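Chemist: Enclosed is the structure file coords34.txt (compact mmCIF, C-alpha atoms and all ligand atoms).
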```
# COMPACT_ATOMS: atom_id res chain seq x y z
CA MET A 19 -83.15 52.81 -162.06
CA ARG A 20 -82.76 55.91 -164.20
CA SER A 21 -80.06 58.27 -165.27
CA CYS A 22 -80.48 61.79 -166.58
CA SER A 23 -78.79 64.56 -168.45
CA LEU A 24 -79.39 68.18 -167.39
CA ILE A 25 -78.68 71.63 -168.78
CA ALA A 26 -77.43 74.12 -166.15
CA PRO A 27 -77.47 77.73 -167.40
CA ALA A 28 -75.11 80.45 -166.17
CA LYS A 29 -76.51 83.59 -164.55
CA ILE A 30 -75.65 87.25 -164.72
CA ASN A 31 -76.59 89.97 -162.26
CA LEU A 32 -78.59 92.81 -163.72
CA TYR A 33 -78.42 94.44 -160.28
CA LEU A 34 -76.36 93.85 -157.12
CA GLU A 35 -76.65 96.17 -154.15
CA ILE A 36 -75.01 95.48 -150.80
CA ILE A 37 -77.20 96.76 -148.00
CA GLY A 38 -75.65 95.60 -144.75
CA ASP A 39 -74.16 92.85 -142.62
CA ARG A 40 -76.00 89.76 -141.45
CA SER A 41 -75.53 87.95 -138.17
CA ASP A 42 -74.42 84.82 -140.12
CA GLY A 43 -71.39 86.72 -141.51
CA PHE A 44 -72.94 87.14 -144.97
CA HIS A 45 -74.31 90.34 -146.51
CA GLU A 46 -77.88 91.54 -146.91
CA LEU A 47 -78.27 91.92 -150.66
CA VAL A 48 -80.74 93.18 -153.21
CA MET A 49 -80.08 91.58 -156.57
CA ILE A 50 -81.80 90.99 -159.88
CA LEU A 51 -80.58 87.71 -161.33
CA GLN A 52 -80.93 86.56 -164.92
CA SER A 53 -80.31 83.19 -166.59
CA ILE A 54 -78.41 83.17 -169.87
CA GLY A 55 -78.01 80.70 -172.73
CA LEU A 56 -74.40 79.76 -171.88
CA ALA A 57 -74.76 76.45 -170.01
CA ASP A 58 -72.97 73.37 -168.66
CA ARG A 59 -74.24 69.81 -169.12
CA VAL A 60 -74.49 67.58 -166.07
CA ASP A 61 -75.03 63.82 -166.51
CA ILE A 62 -76.06 61.84 -163.44
CA LYS A 63 -76.26 58.07 -163.16
CA PRO A 64 -76.19 55.51 -160.35
CA SER A 65 -72.69 54.34 -159.39
CA ASP A 66 -71.75 50.75 -158.54
CA THR A 67 -70.85 51.71 -154.98
CA GLN A 68 -72.34 53.94 -152.25
CA LYS A 69 -69.89 56.66 -153.23
CA ILE A 70 -70.32 60.01 -154.99
CA CYS A 71 -67.97 60.33 -157.99
CA ILE A 72 -67.39 63.55 -159.95
CA TYR A 73 -65.78 63.63 -163.39
CA CYS A 74 -64.87 66.84 -165.19
CA ASP A 75 -62.26 67.46 -167.88
CA HIS A 76 -61.74 71.12 -166.95
CA PRO A 77 -58.38 71.52 -165.14
CA LEU A 78 -59.77 74.07 -162.66
CA VAL A 79 -62.79 72.01 -161.59
CA PRO A 80 -62.09 69.83 -158.53
CA GLU A 81 -63.41 66.26 -158.51
CA ASP A 82 -63.55 66.00 -154.71
CA GLU A 83 -65.84 67.29 -151.94
CA THR A 84 -64.69 70.89 -152.57
CA ASN A 85 -66.86 70.80 -155.72
CA LEU A 86 -70.33 72.23 -155.01
CA ALA A 87 -71.86 69.48 -157.16
CA TYR A 88 -70.29 66.89 -154.85
CA ARG A 89 -71.67 68.74 -151.82
CA ALA A 90 -75.12 68.81 -153.39
CA ALA A 91 -75.05 65.01 -153.80
CA GLN A 92 -73.68 64.64 -150.26
CA LEU A 93 -76.58 66.74 -148.93
CA MET A 94 -79.13 64.52 -150.71
CA CYS A 95 -77.45 61.41 -149.22
CA LYS A 96 -77.59 63.00 -145.75
CA VAL A 97 -81.23 64.11 -145.98
CA PHE A 98 -82.43 60.85 -147.57
CA PRO A 99 -80.19 58.15 -146.03
CA ASP A 100 -82.62 55.27 -146.67
CA VAL A 101 -83.06 56.18 -150.32
CA HIS A 102 -79.28 56.52 -150.66
CA ALA A 103 -78.81 53.08 -149.08
CA ASN A 104 -81.38 51.65 -151.46
CA TYR A 105 -80.20 53.25 -154.71
CA GLY A 106 -76.45 53.51 -153.92
CA GLY A 107 -74.16 56.37 -154.85
CA VAL A 108 -74.16 58.60 -157.91
CA SER A 109 -71.72 59.27 -160.68
CA ILE A 110 -71.77 62.87 -161.94
CA ARG A 111 -70.11 64.00 -165.18
CA ILE A 112 -69.82 67.74 -165.81
CA ALA A 113 -69.22 69.10 -169.33
CA LYS A 114 -68.00 72.62 -168.62
CA ASN A 115 -68.82 75.50 -170.95
CA ILE A 116 -69.26 78.22 -168.32
CA PRO A 117 -65.94 79.78 -167.30
CA VAL A 118 -64.78 79.04 -163.73
CA ALA A 119 -64.46 81.74 -160.98
CA ALA A 120 -66.13 84.13 -163.37
CA GLY A 121 -69.11 85.60 -161.46
CA LEU A 122 -71.50 83.52 -163.60
CA ALA A 123 -72.56 80.97 -160.93
CA GLY A 124 -71.19 78.05 -162.95
CA GLY A 125 -70.44 75.91 -159.87
CA SER A 126 -73.77 76.88 -158.30
CA GLY A 127 -75.62 75.82 -161.45
CA ASN A 128 -73.88 72.42 -161.39
CA ALA A 129 -74.98 71.94 -157.76
CA ALA A 130 -78.55 72.94 -158.65
CA ALA A 131 -78.52 70.37 -161.49
CA VAL A 132 -77.38 67.65 -159.08
CA LEU A 133 -80.30 68.40 -156.73
CA VAL A 134 -82.79 68.32 -159.60
CA GLY A 135 -81.20 65.20 -161.11
CA ILE A 136 -81.05 63.17 -157.90
CA ASN A 137 -84.66 64.16 -157.14
CA LEU A 138 -85.50 62.59 -160.47
CA ILE A 139 -83.43 59.41 -160.42
CA TRP A 140 -84.28 58.61 -156.80
CA ASN A 141 -88.00 59.35 -157.40
CA LEU A 142 -88.09 61.72 -154.42
CA GLY A 143 -90.92 63.88 -155.75
CA LEU A 144 -89.53 67.08 -154.21
CA THR A 145 -91.25 70.27 -155.36
CA GLN A 146 -89.36 73.30 -156.70
CA PRO A 147 -89.70 75.21 -153.35
CA GLU A 148 -88.40 72.12 -151.51
CA LEU A 149 -85.44 71.86 -153.88
CA GLU A 150 -84.74 75.59 -153.44
CA GLU A 151 -84.76 75.17 -149.66
CA LEU A 152 -82.11 72.44 -149.91
CA ALA A 153 -80.20 74.59 -152.42
CA ALA A 154 -80.00 77.47 -149.92
CA GLU A 155 -78.02 75.23 -147.56
CA LEU A 156 -75.30 74.92 -150.19
CA GLY A 157 -74.89 78.51 -151.40
CA SER A 158 -76.64 81.85 -151.74
CA ASP A 159 -77.35 81.77 -155.48
CA ILE A 160 -78.10 78.04 -155.86
CA PRO A 161 -81.88 78.44 -155.25
CA PHE A 162 -82.00 80.86 -158.18
CA CYS A 163 -80.09 78.41 -160.36
CA VAL A 164 -82.81 75.78 -159.75
CA SER A 165 -85.66 77.96 -161.02
CA GLY A 166 -83.78 80.47 -163.22
CA GLY A 167 -85.37 83.08 -165.49
CA THR A 168 -85.46 86.63 -164.16
CA ALA A 169 -85.85 87.18 -160.40
CA ILE A 170 -85.34 89.58 -157.53
CA ALA A 171 -83.10 87.90 -154.93
CA THR A 172 -82.91 89.31 -151.41
CA GLY A 173 -81.65 88.28 -147.96
CA ARG A 174 -78.43 86.34 -148.58
CA GLY A 175 -79.59 86.00 -152.19
CA GLU A 176 -81.78 82.97 -151.49
CA LYS A 177 -85.18 84.70 -151.19
CA LEU A 178 -86.62 84.84 -154.69
CA ASP A 179 -89.45 86.78 -156.34
CA SER A 180 -89.78 85.99 -159.99
CA LEU A 181 -90.15 88.71 -162.59
CA PRO A 182 -91.59 88.46 -166.11
CA ASN A 183 -89.25 86.73 -168.56
CA LEU A 184 -86.99 88.89 -170.66
CA ASP A 185 -86.54 87.76 -174.21
CA ASN A 186 -84.93 89.17 -177.32
CA ILE A 187 -82.01 90.66 -175.39
CA TRP A 188 -78.64 89.36 -176.51
CA LEU A 189 -75.32 89.74 -174.81
CA VAL A 190 -71.60 89.45 -175.31
CA LEU A 191 -69.65 88.09 -172.37
CA ALA A 192 -65.90 88.53 -172.04
CA LYS A 193 -63.48 87.08 -169.51
CA TYR A 194 -59.70 86.90 -169.22
CA ASP A 195 -58.63 83.25 -168.86
CA ASN A 196 -55.83 84.33 -166.55
CA ILE A 197 -57.99 86.36 -164.12
CA GLY A 198 -60.27 84.82 -161.49
CA VAL A 199 -61.83 86.76 -158.60
CA SER A 200 -62.49 85.22 -155.19
CA THR A 201 -66.05 86.04 -154.13
CA PRO A 202 -65.20 86.06 -150.37
CA TRP A 203 -62.33 88.49 -151.13
CA ALA A 204 -64.67 90.83 -153.07
CA TYR A 205 -67.26 90.96 -150.27
CA LYS A 206 -64.61 91.27 -147.53
CA THR A 207 -62.92 94.15 -149.34
CA TYR A 208 -66.27 95.85 -149.89
CA ARG A 209 -66.99 95.57 -146.16
CA GLN A 210 -63.57 97.08 -145.33
CA GLN A 211 -64.13 100.02 -147.66
CA TYR A 212 -67.86 100.68 -147.37
CA GLY A 213 -68.89 98.94 -144.14
CA ASN A 214 -69.42 102.21 -142.30
CA SER A 215 -72.26 103.13 -144.67
CA TYR A 216 -74.09 99.78 -144.16
CA ILE A 217 -77.66 99.92 -142.89
CA SER A 218 -77.55 98.13 -139.55
CA ASP A 219 -81.10 98.14 -138.17
CA ALA A 220 -83.60 95.46 -139.16
CA ALA A 221 -86.33 97.98 -140.02
CA GLY A 222 -83.94 99.95 -142.26
CA ILE A 223 -82.87 96.79 -144.08
CA LYS A 224 -86.47 95.73 -144.55
CA SER A 225 -87.57 99.06 -145.99
CA ARG A 226 -84.51 99.32 -148.28
CA THR A 227 -85.11 95.77 -149.51
CA ALA A 228 -88.79 96.45 -150.19
CA LYS A 229 -87.90 99.48 -152.36
CA VAL A 230 -86.59 97.25 -155.14
CA ASN A 231 -90.14 96.23 -156.09
CA SER A 232 -90.96 99.76 -157.23
CA SER A 233 -87.50 100.56 -158.58
CA PRO A 234 -87.02 101.96 -162.12
CA LEU A 235 -85.11 98.80 -163.14
CA VAL A 236 -87.91 96.44 -162.07
CA ASN A 237 -90.36 98.73 -163.85
CA ALA A 238 -88.21 98.56 -167.01
CA ILE A 239 -88.08 94.75 -166.77
CA VAL A 240 -91.85 94.50 -166.31
CA ASN A 241 -92.29 96.71 -169.39
CA LYS A 242 -89.57 94.81 -171.30
CA ASN A 243 -87.87 98.12 -172.06
CA ALA A 244 -84.40 96.93 -173.10
CA LYS A 245 -82.97 100.45 -173.53
CA LYS A 246 -83.92 101.42 -169.97
CA ILE A 247 -82.73 98.09 -168.58
CA GLY A 248 -79.33 98.69 -170.18
CA LYS A 249 -79.06 102.13 -168.56
CA LEU A 250 -80.17 101.01 -165.08
CA ILE A 251 -78.04 97.89 -164.50
CA HIS A 252 -75.81 98.27 -161.43
CA ASN A 253 -73.28 96.27 -159.42
CA ASP A 254 -71.76 97.55 -156.12
CA LEU A 255 -68.91 95.01 -156.34
CA GLU A 256 -67.48 96.86 -159.35
CA LYS A 257 -66.31 99.49 -156.83
CA VAL A 258 -63.76 97.05 -155.36
CA VAL A 259 -63.04 94.68 -158.24
CA LEU A 260 -62.43 97.18 -161.08
CA PRO A 261 -59.73 99.19 -159.23
CA GLU A 262 -57.95 95.92 -158.27
CA TYR A 263 -58.10 94.51 -161.83
CA PRO A 264 -57.37 97.38 -164.27
CA GLN A 265 -57.63 95.02 -167.28
CA VAL A 266 -61.25 94.29 -166.34
CA ALA A 267 -61.94 98.04 -165.95
CA LYS A 268 -60.43 98.62 -169.44
CA LEU A 269 -62.57 95.83 -170.87
CA LYS A 270 -65.70 97.46 -169.46
CA SER A 271 -64.63 100.84 -170.92
CA ALA A 272 -64.08 99.20 -174.33
CA PHE A 273 -67.65 97.84 -174.26
CA ALA A 274 -69.03 101.17 -172.95
CA ALA A 275 -67.58 102.97 -175.99
CA GLN A 276 -69.68 100.77 -178.34
CA ASP A 277 -73.27 101.16 -179.46
CA ILE A 278 -74.79 98.82 -176.84
CA LEU A 279 -77.69 98.86 -174.38
CA GLY A 280 -75.40 98.74 -171.33
CA THR A 281 -72.36 97.02 -169.86
CA MET A 282 -71.48 95.69 -166.41
CA MET A 283 -69.41 93.18 -164.48
CA SER A 284 -71.41 90.13 -163.38
CA GLY A 285 -71.45 89.19 -159.67
CA SER A 286 -67.98 89.37 -158.14
CA GLY A 287 -66.51 89.27 -161.64
CA PRO A 288 -64.31 89.28 -163.54
CA THR A 289 -66.70 88.53 -166.45
CA VAL A 290 -68.00 91.69 -168.12
CA PHE A 291 -71.12 91.60 -170.27
CA ALA A 292 -72.67 93.98 -172.78
CA LEU A 293 -76.41 93.85 -173.48
CA CYS A 294 -77.37 94.16 -177.15
CA ASP A 295 -80.55 94.45 -179.22
CA SER A 296 -79.78 91.58 -181.57
CA GLU A 297 -77.46 88.66 -182.22
CA ALA A 298 -75.91 90.47 -185.18
CA GLN A 299 -75.12 93.48 -183.00
CA ALA A 300 -73.64 91.25 -180.28
CA ILE A 301 -71.37 89.50 -182.81
CA ALA A 302 -70.25 92.84 -184.29
CA ILE A 303 -69.46 94.26 -180.81
CA LYS A 304 -67.53 91.12 -179.90
CA GLU A 305 -65.38 91.40 -183.05
CA ARG A 306 -64.68 95.09 -182.47
CA VAL A 307 -63.68 94.73 -178.80
CA LYS A 308 -61.64 91.60 -179.60
CA THR A 309 -59.65 93.44 -182.28
CA GLN A 310 -59.25 96.51 -180.10
CA ILE A 311 -57.92 94.70 -177.00
CA ASN A 312 -56.10 91.97 -178.97
CA ASP A 313 -55.18 89.70 -176.02
CA SER A 314 -55.07 85.92 -176.51
CA GLN A 315 -56.18 85.44 -172.88
CA LEU A 316 -59.46 87.26 -173.49
CA ARG A 317 -62.34 84.92 -174.37
CA PHE A 318 -65.78 85.91 -175.67
CA TRP A 319 -69.23 84.33 -175.79
CA VAL A 320 -72.38 85.54 -177.56
CA THR A 321 -75.67 84.33 -176.14
CA LYS A 322 -79.09 85.59 -175.06
CA LEU A 323 -81.13 85.96 -171.90
CA VAL A 324 -83.22 82.84 -171.22
CA SER A 325 -86.24 82.11 -169.06
CA ASN A 326 -85.27 78.69 -167.68
CA GLY A 327 -83.25 77.30 -164.80
CA ILE A 328 -82.20 73.64 -164.73
CA GLN A 329 -83.64 71.75 -167.69
CA ILE A 330 -83.90 67.99 -168.09
CA LYS A 331 -82.39 67.19 -171.48
CA SER A 332 -82.95 63.45 -171.39
CA GLN A 333 -83.69 60.66 -168.96
CA THR A 334 -83.53 56.89 -169.25
O1 LIG B 1 -73.11 81.64 -150.61
P1 LIG B 1 -71.88 81.56 -151.45
O2 LIG B 1 -71.05 80.36 -151.13
O3 LIG B 1 -72.12 81.72 -152.91
O4 LIG B 1 -71.01 82.81 -151.05
C1 LIG B 1 -69.65 82.94 -151.37
C2 LIG B 1 -69.04 84.02 -150.50
O5 LIG B 1 -69.55 85.30 -150.86
C3 LIG B 1 -69.36 83.89 -149.03
O6 LIG B 1 -68.41 83.07 -148.39
C4 LIG B 1 -69.26 85.32 -148.54
O7 LIG B 1 -67.91 85.68 -148.35
C5 LIG B 1 -69.76 86.13 -149.74
N1 LIG B 1 -71.21 86.45 -149.65
C6 LIG B 1 -71.62 87.41 -148.74
N2 LIG B 1 -72.97 87.69 -148.65
C7 LIG B 1 -73.87 87.06 -149.44
C8 LIG B 1 -73.46 86.10 -150.37
C9 LIG B 1 -72.11 85.82 -150.46
O8 LIG B 1 -70.83 88.01 -148.01
N3 LIG B 1 -75.15 87.38 -149.32
```
Please express the file's structure as structure tokens.
Ligand code: C5P
Modeler:
Amino acid sequence: MRSCSLIAPAKINLYLEIIGDRSDGFHELVMILQSIGLADRVDIKPSDTQKICIYCDHPLVPEDETNLAYRAAQLMCKVFPDVHANYGGVSIRIAKNIPVAAGLAGGSGNAAAVLVGINLIWNLGLTQPELEELAAELGSDIPFCVSGGTAIATGRGEKLDSLPNLDNIWLVLAKYDNIGVSTPWAYKTYRQQYGNSYISDAAGIKSRTAKVNSSPLVNAIVNKNAKKIGKLIHNDLEKVVLPEYPQVAKLKSAFAAQDILGTMMSGSGPTVFALCDSEAQAIAIKERVKTQINDSQLRFWVTKLVSNGIQIKSQT
């Protein structure tokens, strides 16, 4: 029986547009998702019992069934009961580097790692599309976390079309330790404020969704034009999150005043990122914004865009 260690990268949104309501209560979205070098490590090994056990040192990460990683393991046990009975439960240890409730899909990435890891240690032989299908049952952005890279995500966020990899773009991420945004709150508030402009007919949603393929941002990504990418990034959720969290709005303004490619909030926030041409530029911008805002609760990370989703670091 084997155990494995996986790397689960965070994601940022380069684009997030809310198109309309869905009959399942979610939103029809058009997004462009991007993996980044900031990552958690997830170690999975067989446990002595039939149980699923989660261990994580981070005070904000639950170790029970409310953790998406737990639910991912539970799903595998439910779908493959005989294999579960044969191999027993799993013990999952999460080393957290990605900030929690940050709009960076940290929890989703952990769940994706659990699917990939259990597939491996139970010798299930599931393909990437099969893993992504299971991932969609757990959360909208978990399929992307499995495959990673750069991708258009539509529907609930689970329908993926991969784009060419972006390399040589660096970024600074910044997040206040004392601010977390609830994703359901952000979408609910958006619906309250902008719901009357939603596209409601299936044909309208389909044609709006299809437009992304020929959009200037996708064109800039295909041509690896970092300057254009920086100018075209967009996130509808900023319209509700930034007014509610003035500190986050100020942080974005502080980045916008620097010599960068572009700045935006990721997902439902509150993490703000600034795209940069080089590591040196990203470090310099980080230092300047840090000095300017001078708040001990504000944390920074410098990393780059990456082309991978879940990676197997080691297996025994
Ligand atoms: O799918 P996931 O669990 O990541 O979604 C978190 C919350 O975000 C949902 O409960 C829902 O409130 C909102 N959401 C949405 N439409 C989507 C994705 C997420 O309204 N397409």
Chemist: Excluding stretch 21-38 of chain A and its own-chain neighbours fewer than 6 positions away, which residues fall within 7 Å of it when counting all atoms listed in the file? Please give them as an mmCIF file with C-alpha atoms, in the coordinates of the input.
Modeler:
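What follows is the written file around.cif:
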```cif
data_model
loop_
_atom_site.group_PDB
_atom_site.id
_atom_site.type_symbol
_atom_site.label_atom_id
_atom_site.label_comp_id
_atom_site.auth_asym_id
_atom_site.auth_seq_id
_atom_site.Cartn_x
_atom_site.Cartn_y
_atom_site.Cartn_z
ATOM 1 C CA HIS A 45 -74.310 90.340 -146.510
ATOM 2 C CA GLU A 46 -77.880 91.540 -146.910
ATOM 3 C CA LEU A 47 -78.270 91.920 -150.660
ATOM 4 C CA VAL A 48 -80.740 93.180 -153.210
ATOM 5 C CA MET A 49 -80.080 91.580 -156.570
ATOM 6 C CA ILE A 50 -81.800 90.990 -159.880
ATOM 7 C CA LEU A 51 -80.580 87.710 -161.330
ATOM 8 C CA GLN A 52 -80.930 86.560 -164.920
ATOM 9 C CA SER A 53 -80.310 83.190 -166.590
ATOM 10 C CA ILE A 54 -78.410 83.170 -169.870
ATOM 11 C CA GLY A 55 -78.010 80.700 -172.730
ATOM 12 C CA LEU A 56 -74.400 79.760 -171.880
ATOM 13 C CA ALA A 57 -74.760 76.450 -170.010
ATOM 14 C CA ASP A 58 -72.970 73.370 -168.660
ATOM 15 C CA ARG A 59 -74.240 69.810 -169.120
ATOM 16 C CA VAL A 60 -74.490 67.580 -166.070
ATOM 17 C CA ASP A 61 -75.030 63.820 -166.510
ATOM 18 C CA ILE A 62 -76.060 61.840 -163.440
ATOM 19 C CA LYS A 63 -76.260 58.070 -163.160
ATOM 20 C CA PRO A 64 -76.190 55.510 -160.350
ATOM 21 C CA ILE A 116 -69.260 78.220 -168.320
ATOM 22 C CA LEU A 122 -71.500 83.520 -163.600
ATOM 23 C CA ALA A 123 -72.560 80.970 -160.930
ATOM 24 C CA GLY A 124 -71.190 78.050 -162.950
ATOM 25 C CA GLY A 127 -75.620 75.820 -161.450
ATOM 26 C CA ASN A 128 -73.880 72.420 -161.390
ATOM 27 C CA ALA A 131 -78.520 70.370 -161.490
ATOM 28 C CA GLY A 135 -81.200 65.200 -161.110
ATOM 29 C CA ILE A 139 -83.430 59.410 -160.420
ATOM 30 C CA TYR A 216 -74.090 99.780 -144.160
ATOM 31 C CA ILE A 217 -77.660 99.920 -142.890
ATOM 32 C CA SER A 218 -77.550 98.130 -139.550
ATOM 33 C CA ILE A 223 -82.870 96.790 -144.080
ATOM 34 C CA ILE A 251 -78.040 97.890 -164.500
ATOM 35 C CA HIS A 252 -75.810 98.270 -161.430
ATOM 36 C CA ASN A 253 -73.280 96.270 -159.420
ATOM 37 C CA ASP A 254 -71.760 97.550 -156.120
ATOM 38 C CA SER A 284 -71.410 90.130 -163.380
ATOM 39 C CA GLY A 285 -71.450 89.190 -159.670
ATOM 40 C CA GLY A 327 -83.250 77.300 -164.800
ATOM 41 C CA ILE A 328 -82.200 73.640 -164.730
ATOM 42 C CA GLN A 329 -83.640 71.750 -167.690
ATOM 43 C CA ILE A 330 -83.900 67.990 -168.090
ATOM 44 C CA LYS A 331 -82.390 67.190 -171.480
ATOM 45 C CA SER A 332 -82.950 63.450 -171.390
ATOM 46 C CA GLN A 333 -83.690 60.660 -168.960
ATOM 47 C CA THR A 334 -83.530 56.890 -169.250
#
```
Chemist: Go through chain A residue by residue and, counting all atoms listed in the file, keep those with an atom at most 7 Å from ligand LIG 1 (chain B); for each kept residue give the shortest atom pair and its distance in Å to one decimal, ordered by chain and increasing number, as a tab-separated table.
Modeler:
```
residue	atom	partner	partner_atom	distance
A:Gly43	CA	B:LIG1	O8	6.7
A:Phe44	CA	B:LIG1	N2	3.7
A:His45	CA	B:LIG1	N2	3.7
A:Glu46	CA	B:LIG1	N3	5.5
A:Leu47	CA	B:LIG1	N3	5.7
A:Leu156	CA	B:LIG1	O2	7.0
A:Gly157	CA	B:LIG1	O1	3.7
A:Ser158	CA	B:LIG1	O1	3.7
A:Asp159	CA	B:LIG1	O3	5.8
A:Gly173	CA	B:LIG1	N3	6.7
A:Arg174	CA	B:LIG1	N3	3.5
A:Gly175	CA	B:LIG1	N3	5.5
A:Thr201	CA	B:LIG1	O5	4.8
A:Pro202	CA	B:LIG1	O7	3.4
A:Trp203	CA	B:LIG1	O7	6.8
A:Tyr205	CA	B:LIG1	O8	5.2
A:Lys206	CA	B:LIG1	O7	6.5
```
Chemist: With 12 Å as the threshold, what does the neighbourhood of (-85.6, 96.9, -166.8) contain in terms of residues, counting all atoms listed in the file? Coordinates are those of the file; answer as a PyMOL selection string.
Modeler: chain A and resi 32-33+50-52+168-170+181-185+187+230-252+279-280+293
Chemist: Please identify all polymer residues lying at most 10 Å from the point (-63.1, 93.9, -177.3) (file coordinates), using all atoms listed in the file, and present the result as a ChimeraX atom specification.
Modeler: /A:190,192,268-273,276,303-313,316-318
Chemist: Have a look at atom CA of A:Arg20 and atom CA of A:Ala153 and let me know their distance in Å, one decimal.
Modeler: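 Atom-to-atom, atom CA of A:Arg20 and atom CA of A:Ala153 are spaced 22.2 Å apart.
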Chemist: Please determine, counting only C-alpha atoms, which residue among A:Thr321, A:Ser180, A:Thr84, A:Ser286 has the shortest atom-to-atom distance to A:Ala300.
Modeler: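 Closest to A:Ala300 of all the choices is A:Thr321.
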Chemist: Listed atoms of stretch 173-184 of chain A, axis-aligned box, 5 Å per side: centre and edge lengths to one decimal in Å, as JSON?
Modeler:
```
{"center_x": -85.0, "center_y": 85.9, "center_z": -159.3, "size_x": 23.2, "size_y": 15.9, "size_z": 32.7}
```
Chemist: Between atom CA of A:Pro80 and atom CA of A:Gly125, what is the spacing in Å?
Modeler: 10.4 Å
Chemist: In Å, how far is it from atom CA of A:Ser109 to atom CA of A:Asn141?
Modeler: 16.6 Å
Chemist: So, with all atoms listed in the file as the atoms that count, which of A:Ala113, A:Leu86, A:Ile278, A:Ile197 lies closest to A:Cys74?
Modeler: A:Ala113
Chemist: Contacts of A:Ala130 at 6 Å or less, counting all atoms listed in the file, minus same-chain residues fewer than 4 places along, as a list in words?
Modeler: Ile160, Cys163 and Val164 of chain A
Chemist: Smallest atom-to-atom distance to A:Val258: which of A:Met283, A:Val97, A:Val324, A:Ala298, using all atoms listed in the file?
Modeler: A:Met283
